[in-house]
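Participant: Just so it is clear, I am handing over structure07.pdb, which has PDB, C-alpha atoms.
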ATOM      1  CA  MET A 268      -8.942 -37.409 -48.933
ATOM      2  CA  GLU A 269     -11.164 -35.457 -46.533
ATOM      3  CA  PRO A 270     -14.771 -34.565 -47.305
ATOM      4  CA  ASP A 271     -15.455 -30.930 -48.157
ATOM      5  CA  SER A 272     -18.346 -30.605 -45.748
ATOM      6  CA  GLN A 273     -19.409 -32.151 -42.507
ATOM      7  CA  PRO A 274     -22.102 -34.823 -42.724
ATOM      8  CA  LEU A 275     -25.540 -33.640 -41.710
ATOM      9  CA  PRO A 276     -26.866 -35.038 -38.450
ATOM     10  CA  LYS A 277     -29.520 -37.706 -38.803
ATOM     11  CA  ARG A 278     -33.052 -36.442 -38.440
ATOM     12  CA  PRO A 279     -35.272 -38.068 -35.837
ATOM     13  CA  LEU A 280     -37.989 -40.381 -37.139
ATOM     14  CA  THR A 281     -40.682 -37.950 -35.968
ATOM     15  CA  GLU A 282     -39.274 -35.180 -38.159
ATOM     16  CA  ILE A 283     -39.059 -37.462 -41.182
ATOM     17  CA  LEU A 284     -42.655 -38.651 -40.705
ATOM     18  CA  PHE A 285     -43.806 -35.055 -40.236
ATOM     19  CA  LEU A 286     -42.118 -33.997 -43.471
ATOM     20  CA  VAL A 287     -43.740 -36.910 -45.338
ATOM     21  CA  PHE A 288     -47.107 -36.015 -43.800
ATOM     22  CA  MET A 289     -46.754 -32.341 -44.773
ATOM     23  CA  ARG A 290     -45.848 -33.284 -48.325
ATOM     24  CA  LEU A 291     -48.824 -35.640 -48.625
ATOM     25  CA  VAL A 292     -51.103 -32.843 -47.440
ATOM     26  CA  ALA A 293     -49.374 -30.521 -49.933
ATOM     27  CA  VAL A 294     -50.113 -32.922 -52.788
ATOM     28  CA  SER A 295     -53.768 -33.137 -51.743
ATOM     29  CA  CYS A 296     -53.993 -29.329 -51.519
ATOM     30  CA  PHE A 297     -52.516 -29.029 -54.988
ATOM     31  CA  TRP A 298     -55.094 -31.563 -56.208
ATOM     32  CA  PHE A 299     -57.895 -29.531 -54.607
ATOM     33  CA  GLY A 300     -56.563 -26.411 -56.314
ATOM     34  CA  LEU A 301     -56.421 -28.158 -59.686
ATOM     35  CA  GLN A 302     -59.993 -29.386 -59.227
ATOM     36  CA  TYR A 303     -61.232 -25.862 -58.536
ATOM     37  CA  TRP A 304     -59.333 -24.458 -61.531
ATOM     38  CA  ALA A 305     -60.725 -27.232 -63.755
ATOM     39  CA  MET A 306     -64.233 -26.458 -62.521
ATOM     40  CA  LEU A 307     -63.917 -22.696 -63.008
ATOM     41  CA  THR A 308     -62.469 -22.983 -66.508
ATOM     42  CA  GLY A 309     -65.100 -25.495 -67.630
ATOM     43  CA  TYR A 310     -62.689 -28.389 -68.039
ATOM     44  CA  SER A 311     -64.534 -30.604 -65.533
ATOM     45  CA  LEU A 312     -68.194 -31.248 -64.717
ATOM     46  CA  GLY A 313     -69.038 -31.164 -68.389
ATOM     47  CA  GLY A 314     -68.534 -27.408 -68.461
ATOM     48  CA  HIS A 315     -71.432 -26.824 -66.053
ATOM     49  CA  GLY A 316     -69.130 -25.467 -63.334
ATOM     50  CA  ARG A 317     -67.626 -22.747 -65.501
ATOM     51  CA  PHE A 318     -67.191 -19.419 -63.692
ATOM     52  CA  ASP A 319     -69.729 -17.518 -65.791
ATOM     53  CA  MET A 320     -72.358 -20.227 -65.169
ATOM     54  CA  LEU A 321     -72.003 -20.347 -61.369
ATOM     55  CA  ASN A 322     -74.099 -18.467 -58.823
ATOM     56  CA  LEU A 323     -72.394 -15.820 -56.669
ATOM     57  CA  PRO A 324     -71.558 -18.004 -53.623
ATOM     58  CA  TRP A 325     -69.876 -20.621 -55.807
ATOM     59  CA  ARG A 326     -67.988 -17.919 -57.734
ATOM     60  CA  VAL A 327     -66.576 -16.492 -54.510
ATOM     61  CA  ALA A 328     -65.761 -19.846 -52.919
ATOM     62  CA  GLY A 329     -64.397 -21.436 -56.089
ATOM     63  CA  SER A 330     -62.167 -18.487 -56.940
ATOM     64  CA  ALA A 331     -60.825 -18.153 -53.415
ATOM     65  CA  LEU A 332     -60.111 -21.866 -53.007
ATOM     66  CA  ALA A 333     -58.531 -22.081 -56.466
ATOM     67  CA  VAL A 334     -55.900 -19.646 -55.182
ATOM     68  CA  ILE A 335     -55.674 -20.693 -51.521
ATOM     69  CA  PHE A 336     -55.039 -24.401 -52.035
ATOM     70  CA  PRO A 337     -52.075 -24.151 -54.453
ATOM     71  CA  VAL A 338     -50.464 -21.517 -52.217
ATOM     72  CA  ALA A 339     -51.013 -23.756 -49.181
ATOM     73  CA  ALA A 340     -49.518 -26.651 -51.141
ATOM     74  CA  LEU A 341     -46.362 -24.666 -51.799
ATOM     75  CA  GLY A 342     -46.004 -23.662 -48.157
ATOM     76  CA  LEU A 343     -46.640 -27.183 -46.903
ATOM     77  CA  TRP A 344     -44.214 -28.716 -49.406
ATOM     78  CA  LEU A 345     -41.500 -26.308 -48.300
ATOM     79  CA  GLY A 346     -42.302 -26.978 -44.648
ATOM     80  CA  ALA A 347     -43.009 -23.302 -43.964
ATOM     81  CA  SER A 348     -45.262 -22.443 -41.046
ATOM     82  CA  TRP A 349     -47.392 -20.178 -43.231
ATOM     83  CA  GLY A 350     -48.343 -23.197 -45.342
ATOM     84  CA  ALA A 351     -50.282 -24.683 -42.438
ATOM     85  CA  VAL A 352     -51.950 -21.325 -41.785
ATOM     86  CA  ILE A 353     -53.097 -21.045 -45.402
ATOM     87  CA  TRP A 354     -54.286 -24.665 -45.296
ATOM     88  CA  VAL A 355     -56.387 -23.857 -42.206
ATOM     89  CA  MET A 356     -58.016 -21.017 -44.156
ATOM     90  CA  GLY A 357     -58.860 -23.314 -47.080
ATOM     91  CA  ALA A 358     -59.993 -26.183 -44.862
ATOM     92  CA  GLY A 359     -62.117 -23.833 -42.781
ATOM     93  CA  ALA A 360     -63.722 -22.450 -45.918
ATOM     94  CA  GLN A 361     -64.541 -25.935 -47.206
ATOM     95  CA  ILE A 362     -65.892 -27.070 -43.855
ATOM     96  CA  ALA A 363     -68.091 -23.969 -43.722
ATOM     97  CA  MET A 364     -69.255 -24.587 -47.286
ATOM     98  CA  TYR A 365     -70.326 -28.160 -46.669
ATOM     99  CA  LYS A 366     -71.437 -28.011 -43.030
ATOM    100  CA  VAL A 367     -72.761 -24.462 -42.490
ATOM    101  CA  TRP A 368     -74.283 -23.808 -45.917
ATOM    102  CA  PRO A 369     -75.134 -27.228 -47.387
ATOM    103  CA  HIS A 370     -78.268 -25.748 -48.995
ATOM    104  CA  ILE A 371     -76.002 -23.573 -51.172
ATOM    105  CA  PHE A 372     -72.935 -25.776 -51.746
ATOM    106  CA  GLY A 373     -74.409 -29.222 -51.267
ATOM    107  CA  ALA A 374     -73.658 -31.782 -48.591
ATOM    108  CA  ASN A 375     -70.233 -33.390 -48.571
ATOM    109  CA  THR A 376     -69.255 -35.398 -45.523
ATOM    110  CA  LEU A 377     -65.914 -36.736 -46.713
ATOM    111  CA  VAL A 378     -64.104 -33.397 -47.156
ATOM    112  CA  PRO A 379     -64.776 -32.045 -43.618
ATOM    113  CA  VAL A 380     -63.916 -35.422 -42.077
ATOM    114  CA  MET A 381     -60.620 -35.558 -43.980
ATOM    115  CA  HIS A 382     -59.743 -31.989 -42.963
ATOM    116  CA  GLY A 383     -60.512 -32.912 -39.349
ATOM    117  CA  LEU A 384     -58.285 -35.972 -39.613
ATOM    118  CA  VAL A 385     -55.425 -33.925 -41.068
ATOM    119  CA  ALA A 386     -55.804 -31.299 -38.318
ATOM    120  CA  THR A 387     -55.780 -34.003 -35.630
ATOM    121  CA  ILE A 388     -52.638 -35.634 -37.013
ATOM    122  CA  TYR A 389     -50.961 -32.205 -37.284
ATOM    123  CA  ILE A 390     -51.782 -31.437 -33.641
ATOM    124  CA  LEU A 391     -50.448 -34.840 -32.571
ATOM    125  CA  PHE A 392     -47.172 -34.089 -34.352
ATOM    126  CA  LEU A 393     -46.963 -30.714 -32.586
ATOM    127  CA  VAL A 394     -47.518 -32.406 -29.222
ATOM    128  CA  ALA A 395     -44.817 -34.970 -30.051
ATOM    129  CA  PHE A 396     -42.371 -32.182 -30.945
ATOM    130  CA  TRP A 397     -43.218 -30.302 -27.762
ATOM    131  CA  LEU A 398     -42.660 -33.405 -25.627
ATOM    132  CA  ASP A 399     -39.384 -34.138 -27.414
ATOM    133  CA  GLN A 400     -38.162 -30.584 -26.891
ATOM    134  CA  ARG A 401     -39.127 -30.722 -23.236
ATOM    135  CA  GLN A 402     -37.285 -34.022 -22.795
ATOM    136  CA  ASN A 403     -34.178 -32.618 -24.512
ATOM    137  CA  GLU A 404     -34.225 -29.542 -22.274
ATOM    138  CA  GLU A 405     -34.386 -31.751 -19.194
ATOM    139  CA  ARG A 406     -31.439 -33.808 -20.454
ATOM    140  CA  ARG A 407     -29.360 -30.684 -21.067
ATOM    141  CA  GLY A 408     -30.304 -29.186 -17.737
ATOM    142  CA  ASP A 409     -32.216 -26.226 -19.156
ATOM    143  CA  HIS A 410     -34.954 -25.187 -16.785
ATOM    144  CA  HIS A 411     -37.708 -22.652 -17.058
ATOM    145  CA  HIS A 412     -37.532 -20.229 -14.178
ATOM    146  CA  ILE A 413     -40.543 -18.996 -12.278
ATOM    147  CA  THR A 414     -40.258 -16.047  -9.946
ATOM    148  CA  LEU A 415     -42.006 -16.298  -6.569
ATOM    149  CA  GLY A 416     -41.568 -13.145  -4.540
ATOM    150  CA  GLN A 417     -37.836 -12.537  -4.165
ATOM    151  CA  HIS A 418     -36.924 -16.169  -4.846
ATOM    152  CA  ARG A 419     -36.170 -17.227  -8.431
ATOM    153  CA  CYS A 420     -35.967 -21.002  -8.817
ATOM    154  CA  PRO A 421     -36.876 -23.568 -11.439
ATOM    155  CA  LEU A 422     -39.939 -25.287 -10.067
ATOM    156  CA  GLU A 423     -41.199 -28.742 -10.654
ATOM    157  CA  LEU A 424     -44.864 -29.224  -9.929
ATOM    158  CA  LEU A 425     -45.774 -32.597  -8.470
ATOM    159  CA  ASP A 426     -48.952 -34.073  -7.042
ATOM    160  CA  ARG A 427     -51.204 -31.774  -9.075
ATOM    161  CA  GLY A 428     -49.261 -28.658  -8.127
ATOM    162  CA  VAL A 429     -49.473 -29.150  -4.372
ATOM    163  CA  ARG A 430     -45.803 -29.889  -3.706
ATOM    164  CA  ARG A 431     -43.096 -27.740  -5.259
ATOM    165  CA  LEU A 432     -39.443 -28.690  -5.346
ATOM    166  CA  CYS A 433     -36.722 -26.112  -5.654
ATOM    167  CA  ARG A 434     -33.824 -27.535  -7.673
ATOM    168  CA  CYS A 435     -31.473 -24.588  -7.704
ATOM    169  CA  CYS A 436     -30.577 -24.344  -4.013
ATOM    170  CA  LYS A 437     -30.465 -28.073  -3.126
ATOM    171  CA  LEU A 438     -32.250 -27.215   0.117
ATOM    172  CA  ARG A 439     -35.549 -28.486  -1.159
ATOM    173  CA  ASP A 440     -37.452 -29.429   1.927
ATOM    174  CA  GLN A 441     -36.158 -26.516   4.022
ATOM    175  CA  TRP A 442     -37.198 -24.038   1.324
ATOM    176  CA  LEU A 443     -40.626 -25.625   1.089
ATOM    177  CA  ASP A 444     -41.050 -25.424   4.832
ATOM    178  CA  GLY A 445     -40.003 -21.763   4.788
ATOM    179  CA  GLY A 446     -36.780 -22.428   6.675
ATOM    180  CA  VAL A 447     -34.436 -21.077   3.991
ATOM    181  CA  ASP A 448     -33.963 -17.383   3.312
ATOM    182  CA  SER A 449     -34.751 -16.567  -0.287
ATOM    183  CA  ALA A 450     -31.393 -14.804  -0.649
ATOM    184  CA  ALA A 451     -29.602 -18.112   0.019
ATOM    185  CA  CYS A 452     -30.880 -19.568  -3.235
ATOM    186  CA  SER A 453     -30.606 -16.558  -5.570
TER
END
Reformat the file's structure so that it appears as C-alpha cells.
Facilitator:
Amino acid sequence: MEPDSQPLPKRPLTEILFLVFMRLVAVSCFWFGLQYWAMLTGYSLGGHGRFDMLNLPWRVAGSALAVIFPVAALGLWLGASWGAVIWVMGAGAQIAMYKVWPHIFGANTLVPVMHGLVATIYILFLVAFWLDQRQNEERRGDHHHITLGQHRCPLELLDRGVRRLCRCCKLRDQWLDGGVDSAACS
C-alpha cells in the first residue's frame, strides 16, 4: 500500500529552535496581555489598578498594551512576520514606560532587559537564517550579479574589497588586469 501523500522534508534544527523560541515569546506576550486585562478590570492589584481608578497615562498605556500583546501573541504563535512587528510595538511601549517615564509608570528594570534579550535572540536567528540561505545559494550556484559598466559578472569581494574575482568568464586575472574585453564575458 502506498502512502497518500509525500512525507514532508525534515526541518533544519535552526527552524525548529526558532519556532520554539517564537512560541515561548508568544506565551509571554499572552501572559502580559492577561496581566494588563486583569489590572484594567480590577481583578489584580487588589482592584487598585482598575481602569476608572488609573491616571490618564496608565489608562492609555494599559489599554493599548492589553490589546497589543494578545495580538502579538497570536502572530508569533502562527509564525507570521506581523507578529514580530506588533511585539516590537508593545516592547517599545513598555521600554519607554519604564525607562523614559519612570516618574509616571515606575521603575522596572527586568521588563526592558527581557525585551532586549528577546530582540537580541531574534536578530541572531535572522543572521543564522541569512547565513544559511547564503550558503545554500553558493552550493546551488546562484550568484548575485553586479553590473560594472558594460560588464555583468557575479563578483566576489576579497581582501576587504580590494581584489575582485570574476567567476562568469573564467578569465579572472585577465579581466582584473583589464586585458579582457567586457563583451567576451557577457
Participant: What does the PyMOL selection byres ((chain A and resi 291-296) around 8) select in this file, as a ChimeraX atom specification?
Facilitator: /A:287-290,297-300,336-337,339-344,354,385
Participant: Could the residues in this selection be written to a file with C-alpha atoms, as a PDB file, keeping the file's coordinate frame?
Facilitator:
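Saved to result19.pdb:
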ATOM      1  CA  VAL A 287     -43.740 -36.910 -45.338  1.00  0.00           C
ATOM      2  CA  PHE A 288     -47.107 -36.015 -43.800  1.00  0.00           C
ATOM      3  CA  MET A 289     -46.754 -32.341 -44.773  1.00  0.00           C
ATOM      4  CA  ARG A 290     -45.848 -33.284 -48.325  1.00  0.00           C
ATOM      5  CA  PHE A 297     -52.516 -29.029 -54.988  1.00  0.00           C
ATOM      6  CA  TRP A 298     -55.094 -31.563 -56.208  1.00  0.00           C
ATOM      7  CA  PHE A 299     -57.895 -29.531 -54.607  1.00  0.00           C
ATOM      8  CA  GLY A 300     -56.563 -26.411 -56.314  1.00  0.00           C
ATOM      9  CA  PHE A 336     -55.039 -24.401 -52.035  1.00  0.00           C
ATOM     10  CA  PRO A 337     -52.075 -24.151 -54.453  1.00  0.00           C
ATOM     11  CA  ALA A 339     -51.013 -23.756 -49.181  1.00  0.00           C
ATOM     12  CA  ALA A 340     -49.518 -26.651 -51.141  1.00  0.00           C
ATOM     13  CA  LEU A 341     -46.362 -24.666 -51.799  1.00  0.00           C
ATOM     14  CA  GLY A 342     -46.004 -23.662 -48.157  1.00  0.00           C
ATOM     15  CA  LEU A 343     -46.640 -27.183 -46.903  1.00  0.00           C
ATOM     16  CA  TRP A 344     -44.214 -28.716 -49.406  1.00  0.00           C
ATOM     17  CA  TRP A 354     -54.286 -24.665 -45.296  1.00  0.00           C
ATOM     18  CA  VAL A 385     -55.425 -33.925 -41.068  1.00  0.00           C
TER      19      VAL A 385
END
Participant: Please compute the CA of Gln400 (chain A)-CA of Ile353 (chain A) distance, one decimal, in Å.
Facilitator: 25.6 Å
Participant: Which region 341-406 of chain A residues have any atom within 12 Å of an atom of region 319-333 of chain A, and for each, what is the nearest pair of atoms with distance in Å to one decimal, counting all atoms listed in the file, rows sorted by chain and number, as a Markdown table?
Facilitator:
| residue | atom | partner | partner_atom | distance |
| --- | --- | --- | --- | --- |
| A:Ile353 | CA | A:Leu332 | CA | 10.4 |
| A:Trp354 | CA | A:Leu332 | CA | 10.1 |
| A:Val355 | CA | A:Leu332 | CA | 11.6 |
| A:Met356 | CA | A:Leu332 | CA | 9.1 |
| A:Gly357 | CA | A:Leu332 | CA | 6.2 |
| A:Ala358 | CA | A:Leu332 | CA | 9.2 |
| A:Gly359 | CA | A:Leu332 | CA | 10.6 |
| A:Ala360 | CA | A:Ala328 | CA | 7.7 |
| A:Gln361 | CA | A:Leu332 | CA | 8.4 |
| A:Ile362 | CA | A:Ala328 | CA | 11.6 |
| A:Ala363 | CA | A:Ala328 | CA | 10.3 |
| A:Met364 | CA | A:Ala328 | CA | 8.1 |
| A:Tyr365 | CA | A:Ala328 | CA | 11.4 |
| A:Trp368 | CA | A:Pro324 | CA | 10.0 |
| A:Pro369 | CA | A:Pro324 | CA | 11.7 |
| A:His370 | CA | A:Pro324 | CA | 11.2 |
| A:Ile371 | CA | A:Pro324 | CA | 7.5 |
| A:Phe372 | CA | A:Trp325 | CA | 7.2 |
| A:Gly373 | CA | A:Trp325 | CA | 10.7 |
Participant: Interatomic distance between CA of Thr387 (chain A) and CA of Gly350 (chain A)?
Facilitator: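 Going from CA of Thr387 (chain A) over to CA of Gly350 (chain A), I get 16.3 Å.
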